[in-house]
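Coordinates from run30.cif are shown below (mmCIF, N, CA and C atoms).
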```
data_start
#
loop_
_atom_site.label_atom_id
_atom_site.label_comp_id
_atom_site.auth_asym_id
_atom_site.auth_seq_id
_atom_site.Cartn_x
_atom_site.Cartn_y
_atom_site.Cartn_z
N MET A 99 57.87 135.26 -49.22
CA MET A 99 58.31 135.39 -47.85
C MET A 99 58.53 134.00 -47.29
N VAL A 100 59.62 133.84 -46.65
CA VAL A 100 59.99 132.57 -46.05
C VAL A 100 59.77 132.68 -44.55
N LYS A 101 59.06 131.73 -44.05
CA LYS A 101 58.86 131.70 -42.59
C LYS A 101 59.87 130.74 -41.99
N ALA A 102 60.30 131.09 -40.85
CA ALA A 102 61.21 130.19 -40.13
C ALA A 102 60.43 128.97 -39.68
N ILE A 103 61.03 127.82 -39.85
CA ILE A 103 60.37 126.56 -39.45
C ILE A 103 60.64 126.32 -37.98
N GLY A 104 59.61 125.93 -37.30
CA GLY A 104 59.79 125.51 -35.92
C GLY A 104 59.55 126.59 -34.90
N LEU A 105 58.95 127.68 -35.28
CA LEU A 105 58.69 128.73 -34.29
C LEU A 105 57.73 128.28 -33.21
N ASN A 106 56.90 127.34 -33.49
CA ASN A 106 55.92 126.89 -32.51
C ASN A 106 56.38 125.65 -31.73
N LEU A 107 57.60 125.26 -31.89
CA LEU A 107 58.10 124.08 -31.16
C LEU A 107 58.27 124.41 -29.70
N SER A 108 58.12 123.40 -28.90
CA SER A 108 58.38 123.59 -27.47
C SER A 108 59.88 123.67 -27.26
N ALA A 109 60.28 124.07 -26.10
CA ALA A 109 61.71 124.16 -25.79
C ALA A 109 62.36 122.79 -25.96
N PHE A 110 61.67 121.73 -25.60
CA PHE A 110 62.22 120.39 -25.74
C PHE A 110 62.39 120.03 -27.21
N GLY A 111 61.39 120.35 -28.01
CA GLY A 111 61.44 120.04 -29.43
C GLY A 111 62.53 120.80 -30.15
N ARG A 112 62.71 122.06 -29.81
CA ARG A 112 63.71 122.89 -30.48
C ARG A 112 65.10 122.35 -30.20
N SER A 113 65.40 122.01 -28.97
CA SER A 113 66.75 121.53 -28.66
C SER A 113 66.97 120.12 -29.20
N ALA A 114 65.92 119.32 -29.23
CA ALA A 114 66.06 117.96 -29.73
C ALA A 114 66.26 117.95 -31.24
N LEU A 115 65.73 118.96 -31.91
CA LEU A 115 65.83 119.01 -33.37
C LEU A 115 67.05 119.78 -33.86
N ALA A 116 67.84 120.29 -32.95
CA ALA A 116 68.97 121.13 -33.35
C ALA A 116 69.93 120.42 -34.29
N GLY A 117 70.10 119.11 -34.14
CA GLY A 117 71.05 118.39 -34.97
C GLY A 117 70.43 117.71 -36.17
N VAL A 118 69.12 117.86 -36.39
CA VAL A 118 68.44 117.18 -37.48
C VAL A 118 68.95 117.73 -38.81
N GLY A 119 69.25 116.83 -39.74
CA GLY A 119 69.69 117.25 -41.06
C GLY A 119 71.20 117.37 -41.17
N ARG A 120 71.90 117.35 -40.09
CA ARG A 120 73.36 117.43 -40.15
C ARG A 120 73.95 116.04 -40.13
N THR A 121 75.11 115.94 -40.62
CA THR A 121 75.83 114.68 -40.56
C THR A 121 77.19 114.94 -39.96
N GLY A 122 77.83 113.90 -39.50
CA GLY A 122 79.17 114.06 -38.98
C GLY A 122 79.25 113.70 -37.51
N ALA A 123 80.33 114.13 -36.88
CA ALA A 123 80.64 113.75 -35.51
C ALA A 123 79.66 114.32 -34.49
N ASN A 124 79.04 115.43 -34.80
CA ASN A 124 78.12 116.04 -33.84
C ASN A 124 76.70 115.50 -33.93
N GLU A 125 76.46 114.53 -34.78
CA GLU A 125 75.11 114.00 -34.96
C GLU A 125 74.66 113.29 -33.69
N ARG A 126 73.48 113.59 -33.26
CA ARG A 126 72.92 112.94 -32.07
C ARG A 126 72.24 111.63 -32.46
N PRO A 127 72.33 110.63 -31.60
CA PRO A 127 71.64 109.37 -31.93
C PRO A 127 70.13 109.56 -31.85
N ALA A 128 69.43 108.82 -32.67
CA ALA A 128 67.97 108.87 -32.64
C ALA A 128 67.47 108.35 -31.30
N LEU A 129 66.43 108.97 -30.79
CA LEU A 129 65.83 108.53 -29.53
C LEU A 129 65.02 107.27 -29.77
N ASP A 130 65.07 106.35 -28.80
CA ASP A 130 64.26 105.14 -28.90
C ASP A 130 62.80 105.50 -28.70
N PRO A 131 61.91 104.88 -29.47
CA PRO A 131 60.49 105.14 -29.25
C PRO A 131 60.08 104.59 -27.88
N VAL A 132 59.09 105.17 -27.30
CA VAL A 132 58.59 104.69 -26.01
C VAL A 132 58.03 103.29 -26.21
N GLN A 133 58.50 102.37 -25.37
CA GLN A 133 58.03 100.99 -25.47
C GLN A 133 57.11 100.69 -24.30
N GLU A 134 56.03 99.98 -24.59
CA GLU A 134 55.15 99.56 -23.52
C GLU A 134 55.86 98.52 -22.69
N THR A 135 55.64 98.57 -21.39
CA THR A 135 56.23 97.56 -20.53
C THR A 135 55.17 96.52 -20.19
N ASP A 136 55.61 95.32 -19.96
CA ASP A 136 54.71 94.24 -19.56
C ASP A 136 54.47 94.41 -18.06
N PRO A 137 53.23 94.70 -17.65
CA PRO A 137 52.97 94.95 -16.24
C PRO A 137 53.28 93.73 -15.36
N LEU A 138 53.27 92.54 -15.93
CA LEU A 138 53.58 91.36 -15.13
C LEU A 138 55.08 91.26 -14.85
N ARG A 139 55.89 91.95 -15.64
CA ARG A 139 57.34 91.94 -15.43
C ARG A 139 57.82 93.15 -14.64
N ASP A 140 56.94 94.10 -14.45
CA ASP A 140 57.28 95.29 -13.69
C ASP A 140 56.93 95.04 -12.22
N PRO A 141 57.93 94.86 -11.35
CA PRO A 141 57.65 94.49 -9.96
C PRO A 141 56.88 95.55 -9.19
N THR A 142 56.76 96.74 -9.72
CA THR A 142 56.01 97.79 -9.02
C THR A 142 54.55 97.87 -9.46
N SER A 143 54.18 97.12 -10.50
CA SER A 143 52.80 97.21 -11.00
C SER A 143 51.86 96.43 -10.08
N SER A 144 50.61 96.84 -10.07
CA SER A 144 49.61 96.16 -9.24
C SER A 144 49.39 94.73 -9.74
N GLU A 145 49.47 94.52 -11.06
CA GLU A 145 49.29 93.17 -11.61
C GLU A 145 50.40 92.25 -11.14
N SER A 146 51.62 92.75 -11.12
CA SER A 146 52.75 91.94 -10.68
C SER A 146 52.63 91.61 -9.19
N LYS A 147 52.21 92.57 -8.41
CA LYS A 147 52.04 92.34 -6.96
C LYS A 147 50.92 91.32 -6.71
N GLU A 148 49.82 91.46 -7.45
CA GLU A 148 48.72 90.52 -7.32
C GLU A 148 49.17 89.10 -7.70
N LEU A 149 49.93 88.99 -8.77
CA LEU A 149 50.43 87.70 -9.22
C LEU A 149 51.33 87.06 -8.17
N GLU A 150 52.21 87.84 -7.57
CA GLU A 150 53.10 87.30 -6.52
C GLU A 150 52.28 86.82 -5.32
N GLN A 151 51.25 87.57 -4.94
CA GLN A 151 50.39 87.16 -3.82
C GLN A 151 49.66 85.87 -4.14
N LEU A 152 49.17 85.75 -5.37
CA LEU A 152 48.48 84.51 -5.77
C LEU A 152 49.44 83.32 -5.78
N LYS A 153 50.64 83.52 -6.26
CA LYS A 153 51.63 82.44 -6.28
C LYS A 153 51.97 82.00 -4.85
N GLN A 154 52.14 82.96 -3.96
CA GLN A 154 52.44 82.64 -2.56
C GLN A 154 51.28 81.89 -1.92
N ARG A 155 50.06 82.36 -2.15
CA ARG A 155 48.87 81.69 -1.60
C ARG A 155 48.76 80.28 -2.14
N ASP A 156 49.00 80.10 -3.43
CA ASP A 156 48.95 78.78 -4.05
C ASP A 156 49.93 77.83 -3.36
N ARG A 157 51.16 78.30 -3.12
CA ARG A 157 52.16 77.45 -2.44
C ARG A 157 51.70 77.08 -1.03
N GLU A 158 51.18 78.07 -0.30
CA GLU A 158 50.72 77.82 1.08
C GLU A 158 49.58 76.82 1.11
N VAL A 159 48.61 77.00 0.22
CA VAL A 159 47.44 76.10 0.19
C VAL A 159 47.87 74.68 -0.13
N ARG A 160 48.71 74.53 -1.14
CA ARG A 160 49.15 73.19 -1.53
C ARG A 160 49.98 72.51 -0.44
N GLN A 161 50.84 73.26 0.24
CA GLN A 161 51.62 72.69 1.34
C GLN A 161 50.70 72.30 2.49
N HIS A 162 49.73 73.15 2.79
CA HIS A 162 48.77 72.89 3.86
C HIS A 162 48.02 71.58 3.61
N GLU A 163 47.46 71.45 2.41
CA GLU A 163 46.67 70.25 2.10
C GLU A 163 47.56 69.01 2.01
N GLN A 164 48.77 69.16 1.52
CA GLN A 164 49.68 68.02 1.44
C GLN A 164 50.07 67.54 2.83
N ALA A 165 50.17 68.45 3.80
CA ALA A 165 50.46 68.05 5.18
C ALA A 165 49.35 67.17 5.73
N HIS A 166 48.09 67.50 5.41
CA HIS A 166 46.96 66.65 5.84
C HIS A 166 47.09 65.25 5.23
N VAL A 167 47.37 65.20 3.93
CA VAL A 167 47.47 63.91 3.24
C VAL A 167 48.59 63.06 3.81
N ALA A 168 49.75 63.67 4.03
CA ALA A 168 50.90 62.93 4.52
C ALA A 168 50.65 62.36 5.92
N ALA A 169 50.00 63.12 6.77
CA ALA A 169 49.76 62.66 8.14
C ALA A 169 48.54 61.75 8.25
N GLY A 170 47.60 61.85 7.31
CA GLY A 170 46.35 61.09 7.40
C GLY A 170 46.46 59.65 6.97
N GLY A 171 47.45 59.35 6.18
CA GLY A 171 47.66 57.97 5.75
C GLY A 171 46.44 57.33 5.12
N ALA A 172 46.15 56.10 5.58
CA ALA A 172 45.07 55.30 5.00
C ALA A 172 43.69 55.89 5.27
N HIS A 173 43.58 56.83 6.19
CA HIS A 173 42.26 57.39 6.53
C HIS A 173 41.86 58.54 5.60
N VAL A 174 42.77 58.97 4.74
CA VAL A 174 42.44 60.00 3.76
C VAL A 174 41.59 59.36 2.68
N GLN A 175 40.40 59.92 2.47
CA GLN A 175 39.46 59.34 1.50
C GLN A 175 39.68 59.85 0.09
N SER A 176 40.25 61.02 -0.04
CA SER A 176 40.53 61.55 -1.38
C SER A 176 41.69 62.52 -1.27
N GLY A 177 42.36 62.70 -2.39
CA GLY A 177 43.43 63.69 -2.43
C GLY A 177 42.85 65.08 -2.28
N PRO A 178 43.70 66.06 -2.22
CA PRO A 178 43.21 67.44 -2.05
C PRO A 178 42.36 67.89 -3.23
N THR A 179 41.34 68.66 -2.92
CA THR A 179 40.58 69.37 -3.94
C THR A 179 40.77 70.86 -3.66
N TYR A 180 40.88 71.62 -4.72
CA TYR A 180 41.22 73.03 -4.58
C TYR A 180 40.16 73.93 -5.20
N SER A 181 40.06 75.13 -4.65
CA SER A 181 39.29 76.19 -5.31
C SER A 181 40.34 77.15 -5.87
N TYR A 182 40.02 77.71 -7.04
CA TYR A 182 41.01 78.49 -7.79
C TYR A 182 40.55 79.91 -8.07
N ASP A 183 41.53 80.75 -8.32
CA ASP A 183 41.30 82.10 -8.80
C ASP A 183 42.23 82.30 -10.00
N ARG A 184 41.74 82.99 -10.99
CA ARG A 184 42.54 83.24 -12.20
C ARG A 184 43.41 84.49 -11.96
N GLY A 185 44.69 84.35 -12.21
CA GLY A 185 45.62 85.46 -12.05
C GLY A 185 45.62 86.37 -13.26
N PRO A 186 46.30 87.51 -13.15
CA PRO A 186 46.37 88.44 -14.27
C PRO A 186 47.12 87.86 -15.48
N ASP A 187 47.83 86.75 -15.26
CA ASP A 187 48.52 86.08 -16.37
C ASP A 187 47.65 85.03 -17.04
N GLY A 188 46.40 84.89 -16.56
CA GLY A 188 45.45 83.94 -17.15
C GLY A 188 45.54 82.54 -16.57
N LYS A 189 46.48 82.27 -15.67
CA LYS A 189 46.63 80.95 -15.07
C LYS A 189 45.79 80.83 -13.81
N GLN A 190 45.48 79.58 -13.43
CA GLN A 190 44.70 79.30 -12.23
C GLN A 190 45.64 79.11 -11.03
N TYR A 191 45.27 79.70 -9.89
CA TYR A 191 46.05 79.57 -8.66
C TYR A 191 45.13 79.11 -7.54
N ALA A 192 45.60 78.11 -6.76
CA ALA A 192 44.81 77.58 -5.65
C ALA A 192 44.72 78.65 -4.56
N ILE A 193 43.51 78.92 -4.11
CA ILE A 193 43.30 79.88 -3.03
C ILE A 193 42.64 79.23 -1.82
N GLY A 194 42.24 77.97 -1.96
CA GLY A 194 41.63 77.22 -0.88
C GLY A 194 41.66 75.75 -1.22
N GLY A 195 41.48 74.92 -0.22
CA GLY A 195 41.48 73.49 -0.49
C GLY A 195 40.95 72.70 0.67
N GLU A 196 40.75 71.40 0.41
CA GLU A 196 40.29 70.51 1.46
C GLU A 196 40.70 69.08 1.14
N VAL A 197 40.78 68.30 2.20
CA VAL A 197 41.08 66.87 2.10
C VAL A 197 40.00 66.14 2.89
N GLN A 198 39.42 65.12 2.29
CA GLN A 198 38.41 64.32 2.98
C GLN A 198 39.12 63.23 3.79
N ILE A 199 38.77 63.12 5.08
CA ILE A 199 39.36 62.11 5.93
C ILE A 199 38.25 61.38 6.68
N ASP A 200 38.40 60.08 6.81
CA ASP A 200 37.41 59.26 7.51
C ASP A 200 37.60 59.42 9.01
N SER A 201 36.64 60.05 9.65
CA SER A 201 36.72 60.27 11.09
C SER A 201 35.67 59.47 11.86
N SER A 202 35.14 58.43 11.21
CA SER A 202 34.14 57.61 11.88
C SER A 202 34.81 56.58 12.79
N PRO A 203 34.16 56.22 13.91
CA PRO A 203 34.74 55.21 14.80
C PRO A 203 34.77 53.83 14.13
N VAL A 204 35.70 53.01 14.55
CA VAL A 204 35.78 51.64 14.04
C VAL A 204 34.74 50.83 14.82
N PRO A 205 33.77 50.22 14.13
CA PRO A 205 32.71 49.49 14.84
C PRO A 205 33.25 48.34 15.70
N ASP A 206 32.78 48.29 16.92
CA ASP A 206 33.09 47.20 17.85
C ASP A 206 34.58 47.01 18.13
N ASP A 207 35.39 48.08 18.01
CA ASP A 207 36.82 47.97 18.29
C ASP A 207 37.33 49.30 18.87
N PRO A 208 37.17 49.48 20.18
CA PRO A 208 37.58 50.74 20.81
C PRO A 208 39.08 51.04 20.64
N GLU A 209 39.92 50.02 20.70
CA GLU A 209 41.36 50.24 20.55
C GLU A 209 41.71 50.76 19.15
N ALA A 210 41.10 50.18 18.15
CA ALA A 210 41.32 50.62 16.78
C ALA A 210 40.78 52.04 16.59
N THR A 211 39.64 52.34 17.24
CA THR A 211 39.07 53.68 17.17
C THR A 211 40.02 54.69 17.80
N ILE A 212 40.61 54.35 18.92
CA ILE A 212 41.56 55.25 19.59
C ILE A 212 42.74 55.54 18.66
N ARG A 213 43.31 54.49 18.09
CA ARG A 213 44.45 54.68 17.18
C ARG A 213 44.06 55.53 15.96
N LYS A 214 42.89 55.23 15.42
CA LYS A 214 42.42 55.95 14.24
C LYS A 214 42.22 57.43 14.58
N MET A 215 41.60 57.74 15.71
CA MET A 215 41.34 59.13 16.08
C MET A 215 42.63 59.89 16.36
N GLN A 216 43.65 59.19 16.85
CA GLN A 216 44.95 59.84 17.03
C GLN A 216 45.55 60.25 15.69
N VAL A 217 45.40 59.40 14.69
CA VAL A 217 45.89 59.72 13.34
C VAL A 217 45.06 60.86 12.75
N VAL A 218 43.74 60.81 12.92
CA VAL A 218 42.86 61.85 12.39
C VAL A 218 43.21 63.20 13.03
N ARG A 219 43.39 63.22 14.34
CA ARG A 219 43.75 64.46 15.03
C ARG A 219 45.11 64.98 14.54
N SER A 220 46.07 64.07 14.41
CA SER A 220 47.40 64.44 13.92
C SER A 220 47.32 65.02 12.50
N ALA A 221 46.51 64.39 11.65
CA ALA A 221 46.35 64.87 10.28
C ALA A 221 45.69 66.26 10.25
N ALA A 222 44.70 66.45 11.11
CA ALA A 222 44.00 67.74 11.15
C ALA A 222 44.92 68.86 11.60
N LEU A 223 45.83 68.56 12.51
CA LEU A 223 46.73 69.59 13.04
C LEU A 223 48.10 69.61 12.38
N ALA A 224 48.29 68.82 11.32
CA ALA A 224 49.59 68.70 10.66
C ALA A 224 50.10 69.99 10.02
N PRO A 225 49.26 70.80 9.39
CA PRO A 225 49.79 72.03 8.78
C PRO A 225 50.37 72.98 9.83
N ALA A 226 51.28 73.82 9.40
CA ALA A 226 51.89 74.80 10.30
C ALA A 226 50.85 75.72 10.92
N GLU A 227 49.83 76.06 10.15
CA GLU A 227 48.75 76.93 10.64
C GLU A 227 47.41 76.28 10.38
N PRO A 228 46.95 75.42 11.31
CA PRO A 228 45.65 74.76 11.11
C PRO A 228 44.51 75.79 11.04
N SER A 229 43.57 75.51 10.14
CA SER A 229 42.41 76.39 9.98
C SER A 229 41.41 76.10 11.10
N PRO A 230 40.40 76.96 11.25
CA PRO A 230 39.34 76.67 12.23
C PRO A 230 38.67 75.31 11.95
N GLN A 231 38.46 74.98 10.68
CA GLN A 231 37.88 73.68 10.32
C GLN A 231 38.81 72.55 10.75
N ASP A 232 40.11 72.72 10.57
CA ASP A 232 41.08 71.71 10.98
C ASP A 232 40.99 71.49 12.49
N ARG A 233 40.90 72.58 13.24
CA ARG A 233 40.81 72.47 14.71
C ARG A 233 39.50 71.79 15.13
N ALA A 234 38.42 72.06 14.40
CA ALA A 234 37.14 71.42 14.71
C ALA A 234 37.23 69.91 14.48
N VAL A 235 37.87 69.49 13.39
CA VAL A 235 38.03 68.06 13.12
C VAL A 235 38.90 67.42 14.20
N ALA A 236 39.95 68.10 14.63
CA ALA A 236 40.81 67.59 15.69
C ALA A 236 40.04 67.44 17.00
N ALA A 237 39.20 68.41 17.32
CA ALA A 237 38.39 68.35 18.54
C ALA A 237 37.39 67.20 18.48
N GLU A 238 36.77 67.01 17.32
CA GLU A 238 35.83 65.90 17.14
C GLU A 238 36.54 64.56 17.31
N ALA A 239 37.75 64.46 16.76
CA ALA A 239 38.52 63.21 16.89
C ALA A 239 38.87 62.95 18.35
N SER A 240 39.19 63.99 19.09
CA SER A 240 39.49 63.84 20.52
C SER A 240 38.27 63.36 21.30
N GLN A 241 37.10 63.90 20.95
CA GLN A 241 35.86 63.47 21.63
C GLN A 241 35.55 62.01 21.31
N THR A 242 35.72 61.62 20.06
CA THR A 242 35.46 60.25 19.66
C THR A 242 36.45 59.31 20.36
N GLU A 243 37.70 59.74 20.46
CA GLU A 243 38.71 58.95 21.17
C GLU A 243 38.34 58.81 22.65
N SER A 244 37.87 59.88 23.27
CA SER A 244 37.45 59.83 24.70
C SER A 244 36.30 58.86 24.89
N ARG A 245 35.34 58.87 23.97
CA ARG A 245 34.19 57.95 24.06
C ARG A 245 34.68 56.49 23.92
N ALA A 246 35.65 56.28 23.04
CA ALA A 246 36.19 54.92 22.84
C ALA A 246 36.93 54.44 24.08
N ARG A 247 37.57 55.33 24.81
CA ARG A 247 38.28 54.95 26.04
C ARG A 247 37.30 54.61 27.16
N ALA A 248 36.10 55.18 27.13
CA ALA A 248 35.14 55.00 28.22
C ALA A 248 34.48 53.63 28.23
#
```
Would you mind writing the file's structure down as structure tokens?
Amino acid sequence: MVKAIGLNLSAFGRSALAGVGRTGANERPALDPVQETDPLRDPTSSESKELEQLKQRDREVRQHEQAHVAAGGAHVQSGPTYSYDRGPDGKQYAIGGEVQIDSSPVPDDPEATIRKMQVVRSAALAPAEPSPQDRAVAAEASQTESRARA
């Protein structure tokens, strides 16, 4: 007794196999196997979205700290230092940073202190969006400048 092959196939399987074993003009092309997609290249994946957010934050942080350095001039004590987070691609992205600036008064020279505090205040407020710490440094520089004027 010969049993028919494929009685248990699903409707999809039966129609997909209809051309198997035949040759000629009616032959259907083989289906491509399912390929895994790289989630970092898929703009809808959570990994891709996270990576874009980290890249944007990295740019913002670096621009912010560079604005302090550019405006602080000779009073900047060190270049920017950054805190990092590892992205889904394994790379490090800056998520925070700081620049050390000398905000001490110039001994025995009120005029130099005034000029210095103006630069310090300008450097603290240089980024497009100064942080609360930036505003605190600017306020301290203003107070030191006021004391030097007195």
For this file, the PyMOL selection byres (((chain A and resi 199 and name CA) around 9) and name CA) selects which residues, as a PyMOL selection string? chain A and resi 166-167+170+172-176+197-198+200-201+218+221-222
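For the atom pair formed by atom CA of A:Met215 and atom CA of A:Gly177, the distance is 19.2 Å, given to one decimal.
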Residues within 6 Å of A:Pro225, please, as a ChimeraX atom specification. Count only C-alpha atoms; anything in the same chain fewer than 3 positions from it doesn't count. /A:162,165,228
Top pick for closest residue to A:Gln190, considering A:Lys147, A:Ala239, A:Thr142, A:Leu152 and counting only C-alpha atoms: A:Leu152
Got a sec to resolve the PyMOL selection byres ((chain A and resi 235) around 8) on this structure and send the residues as a PyMOL selection string? chain A and resi 218-223+229-234+236-241
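Computed from the coordinates, the atom N of A:Ala226 to atom CA of A:Gln161 distance equals 8.1 Å.
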Using atom CA of A:Glu150 and atom CA of A:Thr179 as the two end points, give the distance in Å to one decimal. 22.0 Å
Using all atoms listed in the file, the best pick from A:Val217, A:Ala224, A:Ala210, A:Ala246 as closest to A:Gly171 would be A:Val217
With 5 Å added on each side, what axis-aligned box encloses every listed atom of stretch 227-245 of chain A? Give the centre and edge lengths in Å to one decimal, as JSON.
```
{"center_x": 42.0, "center_y": 66.7, "center_z": 17.4, "size_x": 25.6, "size_y": 30.5, "size_z": 24.9}
```
Within stretch 145-179 of chain A, find each residue whose DSSP state, derived from the backbone, is alpha helix (DSSP H), and express the selection as number ranges by chain. A: 145-170
Can those selected residues be exported to a file as an mmCIF file, in the frame of the given file so that it contains N, CA and C atoms?
```cif
data_model
loop_
_atom_site.group_PDB
_atom_site.id
_atom_site.type_symbol
_atom_site.label_atom_id
_atom_site.label_comp_id
_atom_site.auth_asym_id
_atom_site.auth_seq_id
_atom_site.Cartn_x
_atom_site.Cartn_y
_atom_site.Cartn_z
ATOM 1 N N GLU A 145 49.470 94.520 -11.060
ATOM 2 C CA GLU A 145 49.290 93.170 -11.610
ATOM 3 C C GLU A 145 50.400 92.250 -11.140
ATOM 4 N N SER A 146 51.620 92.750 -11.120
ATOM 5 C CA SER A 146 52.750 91.940 -10.680
ATOM 6 C C SER A 146 52.630 91.610 -9.190
ATOM 7 N N LYS A 147 52.210 92.570 -8.410
ATOM 8 C CA LYS A 147 52.040 92.340 -6.960
ATOM 9 C C LYS A 147 50.920 91.320 -6.710
ATOM 10 N N GLU A 148 49.820 91.460 -7.450
ATOM 11 C CA GLU A 148 48.720 90.520 -7.320
ATOM 12 C C GLU A 148 49.170 89.100 -7.700
ATOM 13 N N LEU A 149 49.930 88.990 -8.770
ATOM 14 C CA LEU A 149 50.430 87.700 -9.220
ATOM 15 C C LEU A 149 51.330 87.060 -8.170
ATOM 16 N N GLU A 150 52.210 87.840 -7.570
ATOM 17 C CA GLU A 150 53.100 87.300 -6.520
ATOM 18 C C GLU A 150 52.280 86.820 -5.320
ATOM 19 N N GLN A 151 51.250 87.570 -4.940
ATOM 20 C CA GLN A 151 50.390 87.160 -3.820
ATOM 21 C C GLN A 151 49.660 85.870 -4.140
ATOM 22 N N LEU A 152 49.170 85.750 -5.370
ATOM 23 C CA LEU A 152 48.480 84.510 -5.770
ATOM 24 C C LEU A 152 49.440 83.320 -5.780
ATOM 25 N N LYS A 153 50.640 83.520 -6.260
ATOM 26 C CA LYS A 153 51.630 82.440 -6.280
ATOM 27 C C LYS A 153 51.970 82.000 -4.850
ATOM 28 N N GLN A 154 52.140 82.960 -3.960
ATOM 29 C CA GLN A 154 52.440 82.640 -2.560
ATOM 30 C C GLN A 154 51.280 81.890 -1.920
ATOM 31 N N ARG A 155 50.060 82.360 -2.150
ATOM 32 C CA ARG A 155 48.870 81.690 -1.600
ATOM 33 C C ARG A 155 48.760 80.280 -2.140
ATOM 34 N N ASP A 156 49.000 80.100 -3.430
ATOM 35 C CA ASP A 156 48.950 78.780 -4.050
ATOM 36 C C ASP A 156 49.930 77.830 -3.360
ATOM 37 N N ARG A 157 51.160 78.300 -3.120
ATOM 38 C CA ARG A 157 52.160 77.450 -2.440
ATOM 39 C C ARG A 157 51.700 77.080 -1.030
ATOM 40 N N GLU A 158 51.180 78.070 -0.300
ATOM 41 C CA GLU A 158 50.720 77.820 1.080
ATOM 42 C C GLU A 158 49.580 76.820 1.110
ATOM 43 N N VAL A 159 48.610 77.000 0.220
ATOM 44 C CA VAL A 159 47.440 76.100 0.190
ATOM 45 C C VAL A 159 47.870 74.680 -0.130
ATOM 46 N N ARG A 160 48.710 74.530 -1.140
ATOM 47 C CA ARG A 160 49.150 73.190 -1.530
ATOM 48 C C ARG A 160 49.980 72.510 -0.440
ATOM 49 N N GLN A 161 50.840 73.260 0.240
ATOM 50 C CA GLN A 161 51.620 72.690 1.340
ATOM 51 C C GLN A 161 50.700 72.300 2.490
ATOM 52 N N HIS A 162 49.730 73.150 2.790
ATOM 53 C CA HIS A 162 48.770 72.890 3.860
ATOM 54 C C HIS A 162 48.020 71.580 3.610
ATOM 55 N N GLU A 163 47.460 71.450 2.410
ATOM 56 C CA GLU A 163 46.670 70.250 2.100
ATOM 57 C C GLU A 163 47.560 69.010 2.010
ATOM 58 N N GLN A 164 48.770 69.160 1.520
ATOM 59 C CA GLN A 164 49.680 68.020 1.440
ATOM 60 C C GLN A 164 50.070 67.540 2.830
ATOM 61 N N ALA A 165 50.170 68.450 3.800
ATOM 62 C CA ALA A 165 50.460 68.050 5.180
ATOM 63 C C ALA A 165 49.350 67.170 5.730
ATOM 64 N N HIS A 166 48.090 67.500 5.410
ATOM 65 C CA HIS A 166 46.960 66.650 5.840
ATOM 66 C C HIS A 166 47.090 65.250 5.230
ATOM 67 N N VAL A 167 47.370 65.200 3.930
ATOM 68 C CA VAL A 167 47.470 63.910 3.240
ATOM 69 C C VAL A 167 48.590 63.060 3.810
ATOM 70 N N ALA A 168 49.750 63.670 4.030
ATOM 71 C CA ALA A 168 50.900 62.930 4.520
ATOM 72 C C ALA A 168 50.650 62.360 5.920
ATOM 73 N N ALA A 169 50.000 63.120 6.770
ATOM 74 C CA ALA A 169 49.760 62.660 8.140
ATOM 75 C C ALA A 169 48.540 61.750 8.250
ATOM 76 N N GLY A 170 47.600 61.850 7.310
ATOM 77 C CA GLY A 170 46.350 61.090 7.400
ATOM 78 C C GLY A 170 46.460 59.650 6.970
#
```
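Every residue of stretch 150-189 of chain A with a DSSP assignment of strand (DSSP E), taken from the backbone, is listed as Thr179, Tyr180, Ser181, Tyr182, Asp183 and Arg184 of chain A.
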Those residues with N, CA and C atoms, as a PDB file, in the coordinates of the input please?
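As written to disk, again22.pdb reads:
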```pdb
ATOM      1  N   THR A 179      41.340  68.660  -2.920  1.00  0.00           N
ATOM      2  CA  THR A 179      40.580  69.370  -3.940  1.00  0.00           C
ATOM      3  C   THR A 179      40.770  70.860  -3.660  1.00  0.00           C
ATOM      4  N   TYR A 180      40.880  71.620  -4.720  1.00  0.00           N
ATOM      5  CA  TYR A 180      41.220  73.030  -4.580  1.00  0.00           C
ATOM      6  C   TYR A 180      40.160  73.930  -5.200  1.00  0.00           C
ATOM      7  N   SER A 181      40.060  75.130  -4.650  1.00  0.00           N
ATOM      8  CA  SER A 181      39.290  76.190  -5.310  1.00  0.00           C
ATOM      9  C   SER A 181      40.340  77.150  -5.870  1.00  0.00           C
ATOM     10  N   TYR A 182      40.020  77.710  -7.040  1.00  0.00           N
ATOM     11  CA  TYR A 182      41.010  78.490  -7.790  1.00  0.00           C
ATOM     12  C   TYR A 182      40.550  79.910  -8.070  1.00  0.00           C
ATOM     13  N   ASP A 183      41.530  80.750  -8.320  1.00  0.00           N
ATOM     14  CA  ASP A 183      41.300  82.100  -8.800  1.00  0.00           C
ATOM     15  C   ASP A 183      42.230  82.300 -10.000  1.00  0.00           C
ATOM     16  N   ARG A 184      41.740  82.990 -10.990  1.00  0.00           N
ATOM     17  CA  ARG A 184      42.540  83.240 -12.200  1.00  0.00           C
ATOM     18  C   ARG A 184      43.410  84.490 -11.960  1.00  0.00           C
TER      19      ARG A 184
END
```
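Distance check against A:Asp156 using all atoms listed in the file: of A:Pro178, A:Ala169, A:Gly194, A:Gly185, the minimum falls on A:Gly194.
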Stretch 180-184 of chain A: which residues within 5 Å, counting only N, CA and C atoms, same-chain residues fewer than 4 positions away excluded, as a PyMOL selection string? chain A and resi 189-195
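Of the residues listed (A:Asp206, A:Glu163, A:Glu227, A:Glu145), A:Glu145 shows the shortest atom-to-atom separation from A:Pro186; distances use only N, CA and C atoms.
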